[in-house]
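Notes to accompany the following structure.
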Amino acid sequence: MSKLFEIALGIATGLGGFLEAGSLATAAQAGASFGFQLIWAIALGAACIAFLLEMAGRLAAVSRHTLPDAMRERFGIRFFLVPLVTVAIVSFLVLASEIGGVCLALQLVTGVSFRWWALPVALVLWLVLWKGTFGVVEKGAGLLGLVTVSFVVGAFKLHPPLAEVAHGLLPSLPTQNGSQYWFIAVSIIGASVSPYLFYFYSAGAVEDEWDEGYLGINRIVSGLGMTFGAAVAVAALVCAALVLHPLGIKVERYEQVPLILSSPLGLWGFRLFVASLAIGCFGAALEIALQLAYLAAQGLGWRWGKNLKPREAARFSLVYTAALPLAALIIATGMDPLKLTIVSMALTAVSLPVTIVPLLVLMNDPLYLGDRTNGWVSNAAVLIISVVACVVALVAIPLQFLGG
Amino acid sequence: MSRGAAGRLLILTTFVLTMASGCASPEEKARKAAETLRSWQATLELLDQEAGRGAVPAVYAEELRSAAEQEIGRGP
């Protein structure tokens, strides 16, 4: 495969895979409640995840270690259990949210309640993971996710005031509903910087047998893929800001969100919204279920690999086989997928230092990276963003819930 | 400042801010309830407009109306 094609494929899958239940819900809520004011949070989250993906890819290419594998080796199993359990809990909640997103898409077109779709959706996800190769999971879902570009088309058809949109890139203080503003801001960052993304990326780099020759591709794919992906999330926010915000509509149920695309694009907008939600969430659910299996297998030293037959990596396959129905049960109980998604994203933000600081220690260790250790810019950017997001989330979550 | 002291300060700040916000006052609850009602009324108006020009399917329109009824009926 030529390097140019790999770069194009990597960027396309990054773009197509960016929008899922969390990023779509938080972008829609932000646009509806605060207009363009929270675009900076998407930009900040995208910058942070681009740095993290680049690091995870570099670690895999240089040391041939996945993240959990290197963490366990470097810090010992007792310390490693802390990020292992944290990432597993957060990822499990996000998995339930993504399954909820697919179910909601099905509800929007059939009228049958989302809770009835939970177990069938989990079964289809399991079948794809059981039968499919890593390439199918990684590239297939990402490429289908290119349908989310419809948000960019929708945003342009609404003729956004570009100066105001650009102004939203600068962080600003809220004029009203401060706790909600900060809660949505940290939820956006949590949605962008979900640990499953960089854990999955590092496993993918090892599955694809990256070496140091891939470092350039890694840098371009992580940087441009996330930039274009963030542009799609910004477009969703712009659509919500132009359709819902002027009418004073707050997003309290997922059922309100398709209006942001049906307004500019008509019936096709509605269809594209449903396809974007279903495909985006389906792809993310595949990746998260697989990442849970990678995390357990790589961290605990089991045999793993998506390109192995399930019987050749039985415990690895067992993890996603168990995780999918358990996550689907949360949705089948009737828990509101929007609330679950937003809370999962905020909790992800709280957990960021636990998952990111060990990665930063690894990325500065010459034993793993040789002369490819981190520079101060990436260290400072990732550390500051993750710690600030965690502190703001610790304050904003109780304020949001107790403040009504 | 030691790590322990920083941790305690963070917990204390969170606690104080949480308590300061307390549970919303009756006025605040009434304001939020009115805001929610206006939001759902506007949602239904937009839905009627979209359904009128055939931009959304009937099944979806019915679902959104039902969601609006539930949310309005739920109150603050």
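Residue numbering restarts at 1 in every chain; chains get A, B, ... in the order shown in the structure tokens, and ligands count up from 1 in that same order.
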Given only C-alpha atoms, how would the per-residue table for range 134-248 of chain A near range 39-52 of chain B read, listing every residue at most 12 Å away with its closest atom pair and distance in Å to one decimal, sorted by chain and number, as a tab-separated table?
```
residue	atom	partner	partner_atom	distance
A:Val243	CA	B:Leu46	CA	9.2
A:Leu244	CA	B:Thr43	CA	8.2
A:His245	CA	B:Ser39	CA	9.8
A:Pro246	CA	B:Ala42	CA	10.0
A:Leu247	CA	B:Ala42	CA	6.2
A:Gly248	CA	B:Ser39	CA	5.6
```
Using only C-alpha atoms, what table do you get, as a tab-separated table, when you list each residue of chain A with an atom no more than 7 Å from chain B, its nearest pair of atoms, and their distance in Å rounded to one decimal, rows by chain then rising number?
```
residue	atom	partner	partner_atom	distance
A:Leu108	CA	B:Tyr60	CA	5.6
A:Val109	CA	B:Tyr60	CA	6.6
A:Thr110	CA	B:Val59	CA	7.0
A:Gly111	CA	B:Val59	CA	5.9
A:Leu247	CA	B:Ala42	CA	6.2
A:Gly248	CA	B:Ser39	CA	5.6
A:Ile249	CA	B:Ser39	CA	4.3
A:Lys250	CA	B:Ser39	CA	5.9
A:Glu255	CA	B:Leu64	CA	5.8
A:Gln256	CA	B:Leu64	CA	6.9
A:Ser262	CA	B:Ala55	CA	5.9
A:Ser263	CA	B:Glu50	CA	6.9
A:Gly266	CA	B:Ala55	CA	4.2
A:Leu267	CA	B:Ala55	CA	4.0
A:Phe270	CA	B:Val56	CA	6.3
A:Leu394	CA	B:Thr14	CA	6.8
A:Val395	CA	B:Thr14	CA	5.2
A:Pro398	CA	B:Thr18	CA	5.9
A:Leu399	CA	B:Thr18	CA	5.5
A:Leu402	CA	B:Cys23	CA	5.3
A:Gly403	CA	B:Ala24	CA	5.1
A:Gly404	CA	B:Ala24	CA	5.7
```
Next item on the list: Compile the contact shell of Pro325 in chain A as a list in words: residues with an atom at most 9 Å away, counting only C-alpha atoms, same-chain residues fewer than 4 positions apart removed.
Entry: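 With the cut-off at 9 Å, the set is Ala118, Leu119, Ala122, Leu123, Trp126, Tyr320, Thr321, Leu329 and Ile330 of chain A.
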Please, could you write that set of residues out with N, CA and C atoms as a PDB file, in the first residue's frame?
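What ended up in part_26.pdb:
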```
ATOM      1  N   ALA A 118     -31.734  -2.562  21.823  1.00  0.00           N
ATOM      2  CA  ALA A 118     -30.421  -2.679  22.468  1.00  0.00           C
ATOM      3  C   ALA A 118     -29.769  -4.060  22.253  1.00  0.00           C
ATOM      4  N   LEU A 119     -30.499  -5.107  22.553  1.00  0.00           N
ATOM      5  CA  LEU A 119     -29.879  -6.440  22.441  1.00  0.00           C
ATOM      6  C   LEU A 119     -29.642  -6.848  20.985  1.00  0.00           C
ATOM      7  N   ALA A 122     -26.540  -5.094  19.920  1.00  0.00           N
ATOM      8  CA  ALA A 122     -25.355  -5.720  20.525  1.00  0.00           C
ATOM      9  C   ALA A 122     -24.986  -7.011  19.789  1.00  0.00           C
ATOM     10  N   LEU A 123     -26.002  -7.753  19.362  1.00  0.00           N
ATOM     11  CA  LEU A 123     -25.751  -9.005  18.650  1.00  0.00           C
ATOM     12  C   LEU A 123     -25.071  -8.741  17.300  1.00  0.00           C
ATOM     13  N   TRP A 126     -21.502  -7.750  17.898  1.00  0.00           N
ATOM     14  CA  TRP A 126     -20.706  -8.931  18.247  1.00  0.00           C
ATOM     15  C   TRP A 126     -20.379  -9.752  16.994  1.00  0.00           C
ATOM     16  N   TYR A 320     -14.955  -8.911  24.776  1.00  0.00           N
ATOM     17  CA  TYR A 320     -15.959  -8.146  24.017  1.00  0.00           C
ATOM     18  C   TYR A 320     -17.288  -8.897  23.951  1.00  0.00           C
ATOM     19  N   THR A 321     -17.212 -10.221  24.003  1.00  0.00           N
ATOM     20  CA  THR A 321     -18.454 -11.002  23.996  1.00  0.00           C
ATOM     21  C   THR A 321     -19.286 -10.712  25.247  1.00  0.00           C
ATOM     22  N   LEU A 329     -27.598  -3.980  28.125  1.00  0.00           N
ATOM     23  CA  LEU A 329     -28.614  -4.086  29.193  1.00  0.00           C
ATOM     24  C   LEU A 329     -28.916  -2.725  29.816  1.00  0.00           C
ATOM     25  N   ILE A 330     -27.895  -1.872  29.922  1.00  0.00           N
ATOM     26  CA  ILE A 330     -28.112  -0.528  30.491  1.00  0.00           C
ATOM     27  C   ILE A 330     -29.139   0.215  29.638  1.00  0.00           C
TER      28      ILE A 330
END
```
Item checked: Test item, alpha helix (DSSP H) assignment across range 157-188 of chain A, answer as a ChimeraX atom specification -> /A:157,162-167,178-188
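Computed from the coordinates, the CA of Leu125 in chain A to CA of Gln107 in chain A distance equals 17.5 Å.
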Notebook entry, point to check: For the atom pair CA of Ala313 in chain A and CA of Leu369 in chain A, what is the interatomic distance in Å to one decimal place?
Noted result: 28.7 Å
Margin query: Would you compute the distance between CA of Leu242 in chain A and CA of Phe36 in chain A? Give it in Å to one decimal.
Written below: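 If I compute the distance from CA of Leu242 in chain A to CA of Phe36 in chain A, I get 8.9 Å.
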Note to self: Taking 4 positions as the minimum chain separation for residues in the same chain, which residues sit within 12 Å of Asp371 in chain A when counting only C-alpha atoms? Answer as a list in words.
What the structure shows: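 The residues satisfying every condition are Arg58, Leu59, Val62, Ser63, Glu212, Met363, Asn364, Asp365, Pro366, Leu367 and Gly375 of chain A.
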Residues just named, written with C-alpha atoms as an mmCIF file, in the first residue's frame:
```
data_model
loop_
_atom_site.group_PDB
_atom_site.id
_atom_site.type_symbol
_atom_site.label_atom_id
_atom_site.label_comp_id
_atom_site.auth_asym_id
_atom_site.auth_seq_id
_atom_site.Cartn_x
_atom_site.Cartn_y
_atom_site.Cartn_z
ATOM 1 C CA ARG A 58 4.917 6.835 18.172
ATOM 2 C CA LEU A 59 5.179 4.589 21.235
ATOM 3 C CA VAL A 62 9.330 2.885 18.155
ATOM 4 C CA SER A 63 8.976 0.428 21.049
ATOM 5 C CA GLU A 212 9.813 3.947 12.722
ATOM 6 C CA MET A 363 6.573 9.117 26.425
ATOM 7 C CA ASN A 364 9.494 10.742 28.241
ATOM 8 C CA ASP A 365 11.303 7.474 28.962
ATOM 9 C CA PRO A 366 14.276 6.899 26.618
ATOM 10 C CA LEU A 367 14.131 3.169 27.429
ATOM 11 C CA GLY A 375 9.101 17.652 23.406
#
```
